[in-house]
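So the structure is just underneath, and the comments pick up after that.
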Amino acid sequence: MTASIVGWAHTPFGKFDTETVESLVTRVANEALADAGISAGDVDEIVLGHFNAGFSPQDFTASLVLQADPKLRFKPATRVENACATGSAAVHQGLRAIAAGAAKIVLVVGVEQMTRTPSAEIGKNLLKASYLPEDGDTVGGFAGVFGKIASSYFQKYGDQSDALALIAAKNHKNGVANPFAQMRKDFGFDFCRAESEKNPYVAGPLKRTDCSLVSDGAAALVLADAETAKGMTKSIGFRATAHAQDFLPMSKRDILQFEGCTVAWQRALEKAGVTLSDLSFVETHDCFTVAELIEYEAMGLTPKGQGARAIKEGWTLKDGKLPVNPSGGLKAKGHPIGATGVSMHVMTAMQLAGQAPEGMQLKNAKLGGIFNMGGAAVANYVSVLEPLK
Ligand SMILES: CC(=O)SCCNC(=O)CCNC(=O)[C@H](O)C(C)(C)COP(=O)(O)OP(=O)(O)OC[C@H]1O[C@@H](n2cnc3c(N)ncnc32)[C@H](O)[C@@H]1OP(=O)(O)O
């Protein structure tokens, strides 16, 4: 690949009553440009990831980024959407503009504001990323969709409640060290494992601690082509990327396989000329703990049906052989849909630059993998990043 991340910015994720989509995107856009040490006038193209689907009354939001700086006026700007992988869709779109020679510098922003939406509507909005004729009435919103997946997994491979609680506890613990995370509480295994008034069942075998958060937030990246990146202070290179889109209806697929995830990882690792064991860490899409469990298998960490081994044997802990979600993941950091994929790239770039917050920084982080997923393994994006300077 011939492009790098040369600057980034990230708001804390959380519930922000005084912020708007506009205030969030303009803030991170300016901060990312300042971080890269470039002027808004140097930007050739802007890509905004914003899912929306009813969360914000304002649609048609690409132009809001221009309000960060008058020098952004009249630049090409486009909003992209690919469900919960919207952020990575924006990043990969920016990379395509660079690969096509149409841009040397691209400003990528991801945003979502979800918490102003009443609880009953949140599930309905999120279900727009399912196949409506089959899953549009699912009780519990997207948690209901993944609750069905978890039930089928338990039926086929046995009860995985311990493994799911271990994943939840790991990601919550990791989130404590991340100042950008929405929830910085070390709940521990026992709390995540037991049903309680504070941790009720939400859908099928999934409890509250098995679910990602409902969040507001934004993140931004400045991408540059190889030549331009040479003159920048920091440069985190894209060693490889891959995007595999699958059928939307779950009835057309074996939903326990996450085949699109497997294909995206295989393509990216092959392009990067590395194997999974070469990665120093992975940020993966833990929208629900069962998703992280199945992703262990889909990325090739364990055989099918044995994902639990990766967490029970400590492989994916921060000091394990492949730390997964050292940022706290969507579980603790939060999941403002359109911002999530951009955030995963920011967290990975920080680790590789040795600039992650204290306590979150991994030792010797040399190669980072990202898997961002839209829908139930429908939009599958992998990036493999490495520090170039
Ligand atoms: C492919 C994809 O990415 S699909 C994923 C799309 N995203 C989703 O589906 C979001 C899933 N999550 C949710 O819908 C919600 O977080 C739910 C349903 C799990 C919980 O929401 P609610 O029941 O409304 O919880 P509510 O907001 O009232 O908060 C109650 C308490 O639980 C806590 N809480 C809320 N959500 C979570 C969570 N996901 N994990 C842990 N604690 C939580 C709150 O902090 C609060 O704690 P407090 O009482 O100590 O203040």
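Labeling convention for the structure tokens: chains A, B, ... as they appear, residues from 1 per chain, ligands from 1 in order of appearance.
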
Quick one: which chain A residues come within 7 Å of ligand 1, and what is the nearest atom pair for each with the distance in Å to one decimal, counting only C-alpha atoms and all ligand atoms, rows ordered by chain and ascending number, as CSV?
residue,atom,partner,partner_atom_place_in_ligand_line,distance
A:Cys84,CA,ligand 1,3 (O),4.8
A:Ser119,CA,ligand 1,24 (O),5.8
A:Gly123,CA,ligand 1,14 (O),6.5
A:Leu126,CA,ligand 1,6 (C),6.0
A:Gly141,CA,ligand 1,9 (O),6.3
A:Phe142,CA,ligand 1,9 (O),4.4
A:Ala143,CA,ligand 1,9 (O),5.1
A:Lys198,CA,ligand 1,32 (O),6.6
A:Val202,CA,ligand 1,18 (C),6.3
A:Arg208,CA,ligand 1,19 (C),4.5
A:Thr209,CA,ligand 1,40 (N),4.3
A:Asp210,CA,ligand 1,40 (N),6.6
A:Cys211,CA,ligand 1,39 (N),4.3
A:Ser212,CA,ligand 1,39 (N),4.5
A:Leu213,CA,ligand 1,39 (N),4.1
A:Val214,CA,ligand 1,16 (O),5.2
A:His285,CA,ligand 1,3 (O),7.0
A:Cys287,CA,ligand 1,3 (O),4.4
A:Phe288,CA,ligand 1,5 (C),7.0
A:Lys331,CA,ligand 1,39 (N),6.6
A:His335,CA,ligand 1,7 (N),6.6
A:Met373,CA,ligand 1,1 (C),5.7
A:Gly374,CA,ligand 1,1 (C),4.7
A:Gly375,CA,ligand 1,1 (C),4.2
A:Ala376,CA,ligand 1,1 (C),5.5

Please write the residues from the selection above to a file, keeping C-alpha atoms, as a compact mmCIF listing (two decimals), in the first residue's frame.
# COMPACT_ATOMS: atom_id res chain seq x y z
CA CYS A 84 -21.56 -0.40 11.75
CA SER A 119 -34.49 3.93 24.00
CA GLY A 123 -33.24 -0.58 18.48
CA LEU A 126 -30.11 -0.05 14.41
CA GLY A 141 -33.02 -4.42 18.28
CA PHE A 142 -29.61 -5.61 17.13
CA ALA A 143 -29.05 -7.27 20.51
CA LYS A 198 -27.64 -4.42 37.28
CA VAL A 202 -31.15 -8.45 27.14
CA ARG A 208 -26.23 -6.19 29.42
CA THR A 209 -22.48 -6.66 29.87
CA ASP A 210 -22.42 -8.64 26.60
CA CYS A 211 -23.59 -5.58 24.64
CA SER A 212 -21.68 -2.61 23.25
CA LEU A 213 -22.71 0.85 24.41
CA VAL A 214 -25.02 3.46 22.91
CA HIS A 285 -15.61 -5.52 16.32
CA CYS A 287 -20.53 -5.18 19.15
CA PHE A 288 -21.56 -8.14 21.30
CA LYS A 331 -17.83 -2.84 24.77
CA HIS A 335 -19.89 2.36 19.67
CA MET A 373 -18.06 -5.20 10.80
CA GLY A 374 -21.36 -3.84 9.50
CA GLY A 375 -24.55 -5.82 10.22
CA ALA A 376 -24.18 -9.46 11.19

> Running DSSP on the backbone, which parts of region 216-383 of chain A land in alpha helix (DSSP H), as a PyMOL selection string?
Replying inline: chain A and resi 226-230+259-272+289-298+307-312+329-332+337-353

>> Neighbouring residues of region 174-178 of chain A were defined as those with any atom within 12 Å, considering only C-alpha atoms; residues of the same chain fewer than 4 positions away were excluded. Please report them as an NGL selection string.
In response: :A and (10-13 or 167-170 or 182-188 or 283 or 316-319 or 323-334 or 347 or 350-351 or 356-362)

> Quick one: DSSP strand (DSSP E) residues in region 2-222 of chain A, as an MDAnalysis selection string?
Replying inline: chainID A and resid 3:10 45:50 77:80 105:113 201:203 206:207 216:222

Would you export the selected residues with C-alpha atoms as a PDB file, in the first residue's frame, please?
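Final file, result.pdb:
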ATOM      1  CA  ALA A   3      -0.696   5.529   1.988  1.00  0.00           C
ATOM      2  CA  SER A   4      -0.244   6.443   5.627  1.00  0.00           C
ATOM      3  CA  ILE A   5      -2.072   7.930   8.565  1.00  0.00           C
ATOM      4  CA  VAL A   6      -0.226  11.174   9.330  1.00  0.00           C
ATOM      5  CA  GLY A   7      -2.516  12.738  11.932  1.00  0.00           C
ATOM      6  CA  TRP A   8      -5.505  11.852  14.079  1.00  0.00           C
ATOM      7  CA  ALA A   9      -8.032  13.087  16.606  1.00  0.00           C
ATOM      8  CA  HIS A  10     -10.654  11.479  18.832  1.00  0.00           C
ATOM      9  CA  GLU A  45     -10.667  15.364  -0.432  1.00  0.00           C
ATOM     10  CA  ILE A  46     -12.972  14.800   2.541  1.00  0.00           C
ATOM     11  CA  VAL A  47     -14.849  11.605   3.418  1.00  0.00           C
ATOM     12  CA  LEU A  48     -17.375  11.499   6.250  1.00  0.00           C
ATOM     13  CA  GLY A  49     -18.631   8.258   7.799  1.00  0.00           C
ATOM     14  CA  HIS A  50     -22.092   8.843   9.300  1.00  0.00           C
ATOM     15  CA  ALA A  77     -16.666  15.962   0.221  1.00  0.00           C
ATOM     16  CA  THR A  78     -18.802  12.811   0.368  1.00  0.00           C
ATOM     17  CA  ARG A  79     -20.608  10.912   3.091  1.00  0.00           C
ATOM     18  CA  VAL A  80     -20.374   7.110   3.045  1.00  0.00           C
ATOM     19  CA  ILE A 105      -4.164  14.253   1.353  1.00  0.00           C
ATOM     20  CA  VAL A 106      -7.584  13.035   2.513  1.00  0.00           C
ATOM     21  CA  LEU A 107      -9.399  14.081   5.670  1.00  0.00           C
ATOM     22  CA  VAL A 108     -11.531  11.207   7.007  1.00  0.00           C
ATOM     23  CA  VAL A 109     -14.080  11.858   9.761  1.00  0.00           C
ATOM     24  CA  GLY A 110     -16.474   9.435  11.466  1.00  0.00           C
ATOM     25  CA  VAL A 111     -19.350  10.561  13.678  1.00  0.00           C
ATOM     26  CA  GLU A 112     -22.561   9.463  15.371  1.00  0.00           C
ATOM     27  CA  GLN A 113     -24.834  10.963  17.965  1.00  0.00           C
ATOM     28  CA  TYR A 201     -30.605 -10.627  30.235  1.00  0.00           C
ATOM     29  CA  VAL A 202     -31.153  -8.450  27.138  1.00  0.00           C
ATOM     30  CA  ALA A 203     -31.634 -11.013  24.360  1.00  0.00           C
ATOM     31  CA  LEU A 206     -26.757 -12.087  26.142  1.00  0.00           C
ATOM     32  CA  LYS A 207     -26.778  -9.944  29.265  1.00  0.00           C
ATOM     33  CA  ASP A 216     -21.984   9.844  20.940  1.00  0.00           C
ATOM     34  CA  GLY A 217     -18.571  10.659  19.523  1.00  0.00           C
ATOM     35  CA  ALA A 218     -16.306  11.353  16.591  1.00  0.00           C
ATOM     36  CA  ALA A 219     -12.843  10.469  15.340  1.00  0.00           C
ATOM     37  CA  ALA A 220     -10.755  11.726  12.426  1.00  0.00           C
ATOM     38  CA  LEU A 221      -7.682  10.767  10.422  1.00  0.00           C
ATOM     39  CA  VAL A 222      -5.489  12.550   7.932  1.00  0.00           C
TER      40      VAL A 222
END

>> Using only C-alpha atoms for the distances, tell me which of A:Met344, A:Leu293, A:Ala89, A:Val378 is nearest to Ser161 (chain A).
In response: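 Counting only C-alpha atoms, the residue closest to Ser161 (chain A) is A:Leu293.
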
How close does each residue of region 46-158 of chain A get to region 244-259 of chain A, giving the shortest atom pair and distance in Å to one decimal for every residue with an atom at most 8 Å away, counting only C-alpha atoms, sorted by chain and residue number, as a tab-separated table?
residue	atom	partner	partner_atom	distance
A:Ser130	CA	A:Leu248	CA	7.0
A:Tyr131	CA	A:Pro249	CA	5.3
A:Glu134	CA	A:Pro249	CA	7.2
A:Ile149	CA	A:Leu256	CA	6.9
A:Ser152	CA	A:Leu256	CA	7.7
A:Tyr153	CA	A:Leu256	CA	6.5

> Near Leu269 (chain A), within 10 Å and counting only C-alpha atoms, which residues show up once chain neighbours fewer than 2 positions away are dropped, as a list in words?
Replying inline: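 Counting only C-alpha atoms, the residues come to Arg239, Ala240, Thr241, Ala242, Val263, Ala264, Trp265, Gln266, Arg267, Lys271, Ala272, Gly273, Val274, Thr275, Leu276, Asp278, Leu279, Met299, Gly369, Val382, Ser383 and Val384 of chain A.
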